[in-house]
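Enquirer: Here you go, my_file-v3.txt (compact mmCIF, C-alpha atoms):
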```txt
# COMPACT_ATOMS: atom_id res chain seq x y z
CA MET A 21 31.71 4.61 3.37
CA SER A 22 29.01 2.93 5.46
CA SER A 23 29.56 -0.68 6.47
CA GLN A 24 26.33 -1.98 4.91
CA ARG A 25 24.59 -1.22 1.60
CA LEU A 26 20.87 -1.18 0.80
CA GLY A 27 19.63 -0.89 -2.76
CA VAL A 28 16.33 0.91 -3.27
CA LEU A 29 14.54 -0.02 -6.46
CA ALA A 30 12.49 2.84 -7.94
CA ILE A 31 10.73 3.97 -11.11
CA TYR A 32 11.44 7.05 -13.21
CA LEU A 33 8.73 9.70 -13.57
CA GLY A 34 9.26 10.77 -17.15
CA LYS A 35 12.84 10.59 -18.39
CA SER A 36 15.00 11.64 -15.45
CA ARG A 37 13.33 12.07 -12.04
CA LEU A 38 12.83 9.07 -9.81
CA GLU A 39 9.59 8.65 -7.89
CA GLU A 40 9.65 9.28 -4.10
CA LEU A 41 13.03 11.04 -4.05
CA SER A 42 12.09 13.06 -0.94
CA TYR A 43 11.34 9.82 0.93
CA PHE A 44 14.60 8.29 -0.28
CA GLN A 45 16.49 11.35 0.97
CA ARG A 46 15.00 10.86 4.44
CA LEU A 47 15.78 7.14 4.19
CA SER A 48 19.41 8.00 3.36
CA LYS A 49 19.71 10.32 6.37
CA GLU A 50 18.31 7.67 8.71
CA GLY A 51 20.58 5.08 7.12
CA ASN A 52 23.66 7.18 7.87
CA LYS A 53 22.74 7.10 11.57
CA ILE A 54 22.81 3.28 11.77
CA GLY A 55 25.54 2.48 9.24
CA VAL A 56 23.51 1.76 6.10
CA GLN A 57 24.29 3.42 2.77
CA VAL A 58 21.14 3.82 0.67
CA GLU A 59 21.70 3.44 -3.09
CA VAL A 60 18.72 4.28 -5.32
CA PHE A 61 18.35 2.98 -8.86
CA SER A 62 15.89 1.75 -11.47
CA PRO A 63 16.19 -1.46 -13.53
CA VAL A 64 17.14 0.74 -16.50
CA ASP A 65 20.25 1.87 -14.54
CA VAL A 66 21.62 -1.68 -14.45
CA GLU A 67 24.54 -2.20 -16.81
CA SER A 68 26.14 -5.44 -17.97
CA GLY A 69 26.96 -8.03 -15.34
CA ASN A 70 26.67 -6.87 -11.75
CA THR A 71 27.21 -3.14 -12.35
CA VAL A 72 24.64 -0.44 -11.64
CA ARG A 73 24.63 3.37 -11.89
CA SER A 74 22.98 4.26 -8.59
CA LEU A 75 22.23 7.49 -6.74
CA THR A 76 23.49 8.21 -3.23
CA PHE A 77 22.61 11.31 -1.26
CA ASP A 78 25.58 13.41 -0.15
CA PRO A 79 24.55 15.25 3.07
CA GLY A 80 27.50 17.64 2.80
CA LEU A 81 26.68 18.72 -0.75
CA ARG A 82 22.95 18.24 -0.08
CA LYS A 83 22.40 16.62 -3.44
CA TRP A 84 22.22 13.23 -5.14
CA ILE A 85 25.42 11.85 -6.65
CA ARG A 86 25.37 9.16 -9.33
CA ARG A 87 28.06 6.50 -9.08
CA ARG A 88 28.86 3.26 -10.88
CA THR A 89 28.97 0.43 -8.31
CA THR A 90 28.38 -3.26 -7.92
CA MET A 91 24.81 -4.37 -7.18
CA PRO A 92 23.87 -3.91 -3.49
CA PRO A 93 23.23 -7.26 -1.74
CA VAL A 94 19.81 -6.29 -0.30
CA ILE A 95 16.99 -4.69 -2.29
CA TYR A 96 14.09 -2.60 -0.96
CA ASP A 97 11.57 -2.54 -3.82
CA ARG A 98 9.58 0.73 -3.93
CA CYS A 99 8.41 0.44 -7.55
CA ARG A 100 4.72 1.13 -8.16
CA TYR A 101 3.28 -0.88 -11.06
CA LYS A 102 1.34 1.92 -12.79
CA ALA A 103 1.77 0.31 -16.20
CA ALA A 104 2.08 -3.24 -17.49
CA ALA A 105 5.49 -2.37 -18.98
CA ASN A 106 6.80 -1.46 -15.50
CA TYR A 107 5.57 -4.76 -14.09
CA ARG A 108 7.30 -6.74 -16.85
CA MET A 109 10.53 -4.76 -16.40
CA LEU A 110 10.58 -5.36 -12.64
CA LYS A 111 9.68 -9.03 -12.99
CA ALA A 112 12.59 -9.45 -15.41
CA PHE A 113 14.93 -7.68 -12.96
CA ARG A 114 13.92 -10.01 -10.13
CA ASN A 115 14.36 -13.07 -12.33
CA ARG A 116 17.83 -11.96 -13.48
CA HIS A 117 18.97 -11.14 -9.94
CA SER A 118 17.27 -13.92 -8.00
CA LYS A 119 20.32 -14.37 -5.74
CA LEU A 120 19.88 -10.89 -4.25
CA ILE A 121 18.01 -10.53 -0.97
CA PHE A 122 14.65 -8.82 -1.56
CA LEU A 123 12.93 -7.42 1.52
CA SER A 124 9.51 -8.11 0.00
CA ARG A 125 7.65 -9.94 -2.74
CA PRO A 126 4.99 -8.62 -5.14
CA LEU A 127 1.40 -9.23 -4.05
CA ALA A 128 -1.68 -9.93 -6.16
CA ASN A 129 -4.20 -7.54 -7.72
CA LYS A 130 -7.41 -6.61 -5.87
CA TRP A 131 -9.48 -9.50 -7.23
CA ALA A 132 -6.84 -12.19 -6.75
CA MET A 133 -6.07 -10.77 -3.28
CA HIS A 134 -9.73 -11.02 -2.27
CA GLN A 135 -9.82 -14.67 -3.35
CA ILE A 136 -6.60 -15.46 -1.46
CA LEU A 137 -7.68 -13.68 1.74
CA SER A 138 -11.08 -15.39 1.60
CA GLU A 139 -9.29 -18.71 2.19
CA SER A 140 -8.59 -17.67 5.80
CA GLU A 141 -11.43 -18.19 8.30
CA SER A 142 -9.91 -15.59 10.62
CA ILE A 143 -9.63 -12.92 7.86
CA ARG A 144 -12.87 -13.59 5.94
CA PRO A 145 -15.18 -11.73 8.41
CA TYR A 146 -13.20 -8.52 7.75
CA LEU A 147 -13.67 -8.60 3.96
CA PRO A 148 -16.47 -6.69 2.19
CA ALA A 149 -18.34 -8.83 -0.34
CA THR A 150 -16.44 -8.54 -3.64
CA VAL A 151 -17.13 -9.83 -7.16
CA ARG A 152 -15.43 -9.37 -10.49
CA PHE A 153 -17.24 -7.04 -12.88
CA SER A 154 -19.03 -8.95 -15.64
CA THR A 155 -21.99 -6.91 -16.90
CA VAL A 156 -23.78 -3.69 -15.98
CA GLN A 157 -26.88 -5.78 -15.22
CA ASP A 158 -24.98 -7.89 -12.67
CA LEU A 159 -23.49 -4.74 -11.13
CA VAL A 160 -26.99 -3.32 -10.60
CA LYS A 161 -28.11 -6.61 -8.99
CA THR A 162 -25.17 -6.35 -6.57
CA LEU A 163 -26.10 -2.72 -5.90
CA LYS A 164 -29.69 -3.67 -5.03
CA ARG A 165 -28.40 -6.33 -2.64
CA HIS A 166 -26.02 -4.04 -0.72
CA LYS A 167 -27.59 -0.59 -1.44
CA LEU A 168 -24.07 0.85 -1.66
CA ILE A 169 -21.17 -0.43 -3.80
CA TYR A 170 -17.76 0.65 -5.08
CA ALA A 171 -16.37 -0.28 -8.49
CA LYS A 172 -12.55 -0.26 -8.54
CA PRO A 173 -9.86 -1.05 -11.13
CA LYS A 174 -8.20 -4.25 -9.88
CA ASN A 175 -4.74 -2.73 -10.42
CA GLY A 176 -5.63 0.87 -9.53
CA THR A 177 -3.89 2.99 -6.89
CA GLY A 178 -4.50 6.32 -5.17
CA GLY A 179 -8.24 6.39 -5.81
CA ARG A 180 -7.92 6.45 -9.62
CA GLY A 181 -10.99 5.31 -11.54
CA ILE A 182 -13.10 4.45 -8.47
CA LEU A 183 -16.90 4.74 -8.66
CA ARG A 184 -19.34 4.90 -5.74
CA ILE A 185 -22.97 4.00 -6.46
CA GLU A 186 -25.73 4.24 -3.86
CA GLN A 187 -29.41 3.37 -4.03
CA LEU A 188 -31.26 6.33 -2.52
CA ASP A 189 -34.85 5.20 -3.18
CA SER A 190 -36.76 2.50 -5.05
CA ASP A 191 -35.80 4.04 -8.42
CA LEU A 192 -33.24 6.71 -7.55
CA TYR A 193 -29.46 6.19 -7.56
CA LEU A 194 -26.41 8.37 -6.95
CA LEU A 195 -23.20 7.87 -8.93
CA GLN A 196 -19.98 9.57 -7.81
CA GLY A 197 -16.31 8.93 -8.40
CA ARG A 198 -12.90 9.90 -9.70
CA ASN A 199 -11.46 9.49 -13.17
CA GLU A 200 -8.04 8.03 -14.00
CA GLN A 201 -6.40 11.40 -13.21
CA ARG A 202 -8.06 11.38 -9.74
CA THR A 203 -10.32 14.30 -10.74
CA ILE A 204 -13.67 14.24 -8.92
CA ILE A 205 -16.61 13.29 -11.15
CA ALA A 206 -19.70 15.47 -10.57
CA PRO A 207 -22.42 13.61 -8.59
CA TYR A 208 -25.03 12.12 -10.92
CA LYS A 209 -28.55 11.24 -9.73
CA ALA A 210 -30.46 8.89 -12.00
CA THR A 211 -33.19 6.32 -12.36
CA GLU A 212 -32.15 2.70 -12.81
CA LYS A 213 -32.52 2.97 -16.59
CA GLN A 214 -30.47 6.21 -16.72
CA LEU A 215 -27.84 4.69 -14.44
CA MET A 216 -27.41 1.67 -16.69
CA VAL A 217 -27.00 3.91 -19.75
CA LYS A 218 -24.39 5.98 -17.88
CA LEU A 219 -22.48 2.86 -16.77
CA HIS A 220 -22.42 1.54 -20.32
CA THR A 221 -20.80 4.80 -21.47
CA LEU A 222 -18.07 4.38 -18.82
CA LYS A 223 -17.08 1.08 -20.48
CA LEU A 224 -16.17 -0.86 -17.36
CA SER A 225 -14.30 -4.09 -18.03
CA SER A 226 -13.29 -7.29 -16.28
CA ASP A 227 -10.33 -5.27 -14.96
CA TYR A 228 -12.81 -3.87 -12.40
CA VAL A 229 -14.03 -5.40 -9.15
CA VAL A 230 -17.34 -4.53 -7.49
CA GLN A 231 -17.19 -4.27 -3.70
CA GLN A 232 -19.82 -3.94 -1.00
CA GLY A 233 -19.79 -0.36 0.27
CA ILE A 234 -19.20 0.48 3.93
CA ARG A 235 -20.93 3.54 5.44
CA LEU A 236 -18.01 5.93 5.90
CA THR A 237 -19.74 9.33 5.81
CA LEU A 238 -19.16 11.70 8.72
CA LYS A 239 -21.71 14.28 9.90
CA ASP A 240 -20.34 16.88 7.48
CA GLY A 241 -20.80 14.51 4.53
CA ARG A 242 -17.13 13.69 4.01
CA VAL A 243 -15.88 10.11 3.84
CA HIS A 244 -13.11 8.73 6.06
CA ASP A 245 -11.00 5.66 6.69
CA TYR A 246 -7.78 4.62 8.44
CA ARG A 247 -4.27 3.81 7.24
CA LEU A 248 -2.49 1.33 9.49
CA LEU A 249 1.20 0.64 8.92
CA ILE A 250 2.67 -2.66 10.07
CA GLN A 251 6.40 -3.29 9.51
CA LYS A 252 9.20 -5.67 10.37
CA ASN A 253 11.41 -4.28 13.13
CA GLY A 254 15.14 -4.70 13.83
CA ARG A 255 14.49 -8.17 15.30
CA GLY A 256 12.74 -9.43 12.20
CA GLU A 257 9.32 -9.33 13.88
CA TRP A 258 6.06 -7.75 12.75
CA GLU A 259 5.11 -4.63 14.72
CA VAL A 260 2.36 -2.06 14.19
CA THR A 261 4.18 1.24 13.65
CA GLY A 262 1.11 3.44 13.75
CA CYS A 263 -2.38 4.17 12.51
CA ALA A 264 -3.88 7.47 11.35
CA GLY A 265 -7.22 8.66 10.06
CA ARG A 266 -7.86 10.14 6.63
CA ILE A 267 -10.78 12.39 5.70
CA GLY A 268 -11.65 13.05 2.07
CA PRO A 269 -12.40 16.50 0.65
CA HIS A 270 -16.01 17.54 0.08
CA ARG A 271 -17.74 15.65 -2.76
CA SER A 272 -14.94 13.06 -2.86
CA ILE A 273 -15.66 9.35 -2.49
CA THR A 274 -12.11 8.56 -1.35
CA SER A 275 -9.91 9.82 1.47
CA ASN A 276 -6.49 9.37 -0.19
CA LEU A 277 -4.06 12.16 0.66
CA HIS A 278 -2.96 12.32 -2.99
CA GLY A 279 -6.57 13.01 -3.90
CA GLY A 280 -6.84 15.98 -1.56
CA GLY A 281 -7.66 14.17 1.67
CA SER A 282 -6.54 15.40 5.08
CA ALA A 283 -4.92 13.47 7.93
CA VAL A 284 -6.09 13.27 11.54
CA SER A 285 -5.04 11.15 14.52
CA GLN A 286 -6.64 7.73 14.91
CA THR A 287 -8.06 8.56 18.34
CA LYS A 288 -9.56 11.87 17.20
CA LEU A 289 -11.28 10.31 14.20
CA LEU A 290 -12.64 7.39 16.22
CA SER A 291 -13.99 9.90 18.75
CA TYR A 292 -16.12 11.54 16.03
CA ARG A 293 -18.19 8.36 15.87
CA PHE A 294 -17.81 6.63 19.23
CA SER A 295 -18.16 8.34 22.60
CA SER A 296 -17.09 5.37 24.74
CA ALA A 297 -13.36 5.25 25.55
CA SER A 298 -13.57 1.49 26.12
CA LYS A 299 -15.19 1.02 22.70
CA ILE A 300 -12.41 3.06 21.05
CA ASP A 301 -9.71 1.04 22.85
CA ALA A 302 -11.40 -2.22 21.80
CA ILE A 303 -11.46 -1.11 18.15
CA LYS A 304 -7.77 -0.10 18.28
CA ASN A 305 -6.77 -3.44 19.81
CA GLU A 306 -8.76 -5.39 17.23
CA MET A 307 -7.20 -3.40 14.39
CA ASN A 308 -3.71 -4.22 15.67
CA THR A 309 -4.50 -7.90 16.21
CA PHE A 310 -6.02 -8.15 12.74
CA ALA A 311 -2.97 -6.46 11.18
CA HIS A 312 -0.68 -9.13 12.68
CA THR A 313 -2.97 -11.93 11.49
CA LEU A 314 -3.07 -10.50 7.98
CA ALA A 315 0.70 -9.86 7.75
CA GLU A 316 1.57 -13.38 8.87
CA PHE A 317 -0.98 -14.92 6.49
CA LEU A 318 0.30 -12.93 3.48
CA GLU A 319 3.91 -13.73 4.30
CA ASN A 320 3.07 -17.43 4.34
CA LYS A 321 1.38 -17.06 0.95
CA PHE A 322 3.80 -14.78 -0.90
CA GLY A 323 7.14 -15.03 0.91
CA LYS A 324 9.25 -12.47 2.75
CA LEU A 325 7.64 -9.04 3.31
CA VAL A 326 8.91 -5.90 5.04
CA GLU A 327 5.82 -3.70 5.45
CA LEU A 328 2.13 -3.41 4.64
CA GLY A 329 -0.25 -0.47 4.58
CA LEU A 330 -3.80 -1.49 5.44
CA ASP A 331 -6.72 0.73 4.42
CA ILE A 332 -9.36 0.03 7.05
CA ALA A 333 -12.97 1.15 7.43
CA ILE A 334 -14.94 1.15 10.67
CA ASP A 335 -18.69 1.01 10.16
CA PRO A 336 -21.16 2.81 12.50
CA GLY A 337 -21.46 -0.33 14.63
CA GLY A 338 -17.69 -0.50 15.19
CA HIS A 339 -17.06 -3.45 12.84
CA ILE A 340 -13.65 -3.47 11.13
CA TRP A 341 -13.45 -3.88 7.34
CA LEU A 342 -10.33 -4.29 5.21
CA LEU A 343 -10.63 -2.08 2.13
CA GLU A 344 -7.19 -2.64 0.60
CA VAL A 345 -3.66 -3.91 1.24
CA ASN A 346 -0.68 -1.91 -0.04
CA PRO A 347 2.76 -3.61 -0.01
CA LYS A 348 4.54 -0.31 -0.83
CA PRO A 349 2.81 2.15 1.48
CA SER A 350 3.47 5.84 1.97
CA ARG A 351 4.13 7.04 5.53
CA GLU A 352 3.44 10.74 5.02
CA VAL A 353 0.15 10.49 6.93
CA PHE A 354 2.09 10.36 10.22
CA ARG A 355 4.14 13.44 9.38
CA LYS A 356 0.96 15.32 8.46
CA ILE A 357 -0.67 14.66 11.85
CA GLY A 358 2.47 15.75 13.72
CA GLU A 359 3.48 12.28 14.97
CA SER A 360 7.17 12.84 14.18
CA SER A 361 8.42 9.88 16.24
CA THR A 362 6.00 7.53 14.46
CA TYR A 363 7.07 8.94 11.10
CA GLN A 364 10.74 8.43 11.98
CA LYS A 365 10.06 4.82 12.98
CA ALA A 366 8.15 4.31 9.75
CA VAL A 367 11.23 5.45 7.80
CA SER A 368 13.88 3.67 9.85
CA ARG A 369 12.27 0.24 10.28
CA PRO A 370 12.97 -1.02 6.73
CA LEU A 371 16.62 -0.05 7.31
CA GLU A 372 16.73 -1.83 10.68
CA TYR A 373 15.13 -4.92 9.16
CA ALA A 374 17.66 -4.87 6.30
CA MET A 375 20.48 -4.73 8.87
CA TRP A 376 18.93 -7.67 10.73
CA ILE A 377 18.71 -9.68 7.48
CA LEU A 378 22.38 -8.96 6.67
CA ASN A 379 23.48 -9.92 10.18
CA GLN A 380 21.48 -13.16 10.04
CA ASN A 381 23.10 -14.05 6.72
CA SER A 382 26.57 -13.29 8.12
CA LYS A 383 25.92 -15.56 11.11
CA LYS A 384 24.77 -18.39 8.82
CA ALA A 385 27.86 -17.98 6.64
CA GLU A 386 30.12 -18.15 9.73
CA GLU A 387 28.30 -21.25 10.98
CA ARG A 388 28.72 -22.98 7.61
CA LYS A 389 32.40 -22.03 7.61
CA ALA A 390 32.85 -23.43 11.10
CA GLU A 391 31.18 -26.70 10.14
CA ARG A 392 33.61 -27.35 7.25
CA PRO A 393 36.29 -29.94 8.14
CA GLU A 394 39.83 -28.63 8.23
CA SER A 395 41.96 -29.80 5.33
```
Using C-alpha cells, write down the structure from this file.
Expert:
Amino acid sequence: MSSQRLGVLAIYLGKSRLEELSYFQRLSKEGNKIGVQVEVFSPVDVESGNTVRSLTFDPGLRKWIRRRTTMPPVIYDRCRYKAAANYRMLKAFRNRHSKLIFLSRPLANKWAMHQILSESESIRPYLPATVRFSTVQDLVKTLKRHKLIYAKPKNGTGGRGILRIEQLDSDLYLLQGRNEQRTIIAPYKATEKQLMVKLHTLKLSSDYVVQQGIRLTLKDGRVHDYRLLIQKNGRGEWEVTGCAGRIGPHRSITSNLHGGGSAVSQTKLLSYRFSSASKIDAIKNEMNTFAHTLAEFLENKFGKLVELGLDIAIDPGGHIWLLEVNPKPSREVFRKIGESSTYQKAVSRPLEYAMWILNQNSKKAEERKAERPES
C-alpha cells in the first residue's frame, strides 16, 4: 500500500464507465513511482458516513479493482459539468465533505468569467470584446462592429454549439459552426435579412455569449489556436508545463482535438505566421508571463487551484488573445506532438502538488502539537 492517498473525482459515462479512465490509469502509474495511491470514484459511489467504493488500478493484473475504503484526504476533481444535474451533484458532494482538501475550486461560466477577468487592468487587454446574447438584432449590430464574431454557449465545452459569423461584404455574410454533437454545420452564405431568419431558427438564448472574432485562418483556410497548460509543481508554485498548437480540420471553425483537430508544436505553428525568431520568442515569453498573471488572479478570486488550460489566439499582428480558460484541461495535445517528457510532467504535477499539500498539512499538525503545553 502506498504511503499517501489521492482521490480522483470523476463522472460516469452512461451507467458504468467513468470518464477519462485512460488518463486515470496513467495517473495511477505515475503515482506508484512517487508513493501516491490513486483512488477513482464518483459522488454516486459514496456510501454512508466516510465510506466510498473506489477504483484502484492494479498494475500486476492490469485492470481496475473496486474496493470499499474510507474517503481519501485529498481530492483531485476531474468532473466535467455537462449537465445541470452533474453540477448539483458535485456541489452537494463538496458541501458534505468540506473538510477534505480539494486541489481546485469550480470556476465561473464564460460570461461570468469574462466579467471577473475584466476587473483586472493587466488581463483586460487580452480579452476579446464579449457580450451576453440578447436579441438577433443586437447580435447583428455586434457583427457589423467587429466584422467577425463567435456565438458560444456559456457552459459549452469541446466546441459544442459554437457559431462563427463573418461579414464578407456590405450585404453578404457567412455562417459556420458546430451543433451540440460537435458535427460541422455546412457553411451558409446569406444576406442580412436571410441571416437574421436563419439565426431566429437556431433559437439562441441568454445562455449564449457573443465574442469578437480573432483572425485565426492559416493559408490553407484552416483555423488554429494554442493550448497552454500551467500547473502547480511539487513546491506549490505555478509553472508553465507546456504549450502546443492546434489546427482544425477543413471547414471547421474550431481546433479542438475532440472535434477532429490536429496537434503541432508551438514553435512550428508560430513559424507559419511569423518569420522572425525574435518575434516568436517574444510571443512565447508574453504567453508564459500572461499565464502566470491569470493563474494568480483566478486563485485570488476562487481559491486554491491546481492547473489551468488556456486557449490562446495570436492574431496576424502578434497580439495575444485569451479565448477560454479550462480548470480541468486535457493534456493529450503534448502526447500527440511527441513531447513525451512534457506529457509526463503534465500527468505527474497534480500528484506532486498533492504530495506537497499533504506534507505541508503534516508539518502544520506537528507544529500545533509541539506548541501544546505538556500536561
Enquirer: Determine, counting all atoms listed in the file, which protein, DNA and RNA residues have an atom within 8 Å of an atom of Leu238 (chain A); residues of the same chain fewer than 5 positions away are not included. Present the result as a PyMOL selection string.
Expert: chain A and resi 243-244+292-293
Enquirer: Atoms to include: C-alpha atoms. Write the selected residues as a PDB file, in the coordinates of the input.
Expert:
```pdb
ATOM      1  CA  VAL A 243     -15.880  10.110   3.840  1.00  0.00           C
ATOM      2  CA  HIS A 244     -13.110   8.730   6.060  1.00  0.00           C
ATOM      3  CA  TYR A 292     -16.120  11.540  16.030  1.00  0.00           C
ATOM      4  CA  ARG A 293     -18.190   8.360  15.870  1.00  0.00           C
TER       5      ARG A 293
END
```
Enquirer: What's the separation between CA of Leu47 (chain A) and CA of Thr76 (chain A), in Å to one decimal place?
Expert: 10.8 Å
Enquirer: Find the distance between CA of Ile334 (chain A) and CA of Arg180 (chain A) and write it in Å to one decimal.
Expert: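 Spanning CA of Ile334 (chain A) to CA of Arg180 (chain A) is a straight-line distance of 22.1 Å.
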Enquirer: Nearest to Phe153 (chain A) among A:Ala104, A:Leu328, A:Val56, A:Ile169, with distances taken over all atoms listed in the file: which residue is it?
Expert: A:Ile169
Enquirer: Find the residues near Val156 (chain A): any atom within 10 Å, counting all atoms listed in the file, skip ones fewer than 4 places away on the same chain, and give them as a list in words.
Expert: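 Counting all atoms listed in the file, the residues come to Val160, Lys161, Thr162, Leu215, Met216, Val217, Lys218, Leu219, His220, Lys223, Leu224 and Ser225 of chain A.
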Enquirer: Next, dump the selected residues to file, keeping only C-alpha atoms, as a CSV table (one decimal), in the frame of the given file.
Expert:
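Result file out.csv:
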```csv
chain,number,residue,atom,x,y,z
A,160,VAL,CA,-27.0,-3.3,-10.6
A,161,LYS,CA,-28.1,-6.6,-9.0
A,162,THR,CA,-25.2,-6.4,-6.6
A,215,LEU,CA,-27.8,4.7,-14.4
A,216,MET,CA,-27.4,1.7,-16.7
A,217,VAL,CA,-27.0,3.9,-19.8
A,218,LYS,CA,-24.4,6.0,-17.9
A,219,LEU,CA,-22.5,2.9,-16.8
A,220,HIS,CA,-22.4,1.5,-20.3
A,223,LYS,CA,-17.1,1.1,-20.5
A,224,LEU,CA,-16.2,-0.9,-17.4
A,225,SER,CA,-14.3,-4.1,-18.0
```
Enquirer: Restricting the calculation to all atoms listed in the file, which member of A:Ile250, A:Ile357, A:Ala333, A:Ala315 is positioned closest to Ser282 (chain A)?
Expert: A:Ile357
Enquirer: Can I get a file of region 24-46 of chain A from the given structure, C-alpha atoms kept, as a PDB file, in the first residue's frame?
Expert:
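For reference, selection.pdb as written:
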```
ATOM      1  CA  GLN A  24      -0.295   8.624   0.556  1.00  0.00           C
ATOM      2  CA  ARG A  25      -3.767   8.523  -0.996  1.00  0.00           C
ATOM      3  CA  LEU A  26      -5.272  10.788  -3.658  1.00  0.00           C
ATOM      4  CA  GLY A  27      -8.956  10.633  -4.513  1.00  0.00           C
ATOM      5  CA  VAL A  28      -9.899  11.428  -8.106  1.00  0.00           C
ATOM      6  CA  LEU A  29     -13.466  12.595  -8.539  1.00  0.00           C
ATOM      7  CA  ALA A  30     -14.990  11.587 -11.898  1.00  0.00           C
ATOM      8  CA  ILE A  31     -18.294  11.265 -13.729  1.00  0.00           C
ATOM      9  CA  TYR A  32     -19.857   8.134 -15.205  1.00  0.00           C
ATOM     10  CA  LEU A  33     -20.445   7.962 -18.955  1.00  0.00           C
ATOM     11  CA  GLY A  34     -23.718   6.072 -19.074  1.00  0.00           C
ATOM     12  CA  LYS A  35     -24.233   3.551 -16.281  1.00  0.00           C
ATOM     13  CA  SER A  36     -20.839   2.003 -15.646  1.00  0.00           C
ATOM     14  CA  ARG A  37     -17.791   3.542 -17.374  1.00  0.00           C
ATOM     15  CA  LEU A  38     -16.048   6.501 -15.811  1.00  0.00           C
ATOM     16  CA  GLU A  39     -14.868   9.366 -17.995  1.00  0.00           C
ATOM     17  CA  GLU A  40     -11.091   9.693 -18.638  1.00  0.00           C
ATOM     18  CA  LEU A  41     -10.179   6.199 -17.414  1.00  0.00           C
ATOM     19  CA  SER A  42      -7.110   6.044 -19.688  1.00  0.00           C
ATOM     20  CA  TYR A  43      -5.791   9.261 -18.123  1.00  0.00           C
ATOM     21  CA  PHE A  44      -6.503   7.937 -14.632  1.00  0.00           C
ATOM     22  CA  GLN A  45      -4.580   4.761 -15.463  1.00  0.00           C
ATOM     23  CA  ARG A  46      -1.539   6.852 -16.433  1.00  0.00           C
TER      24      ARG A  46
END
```
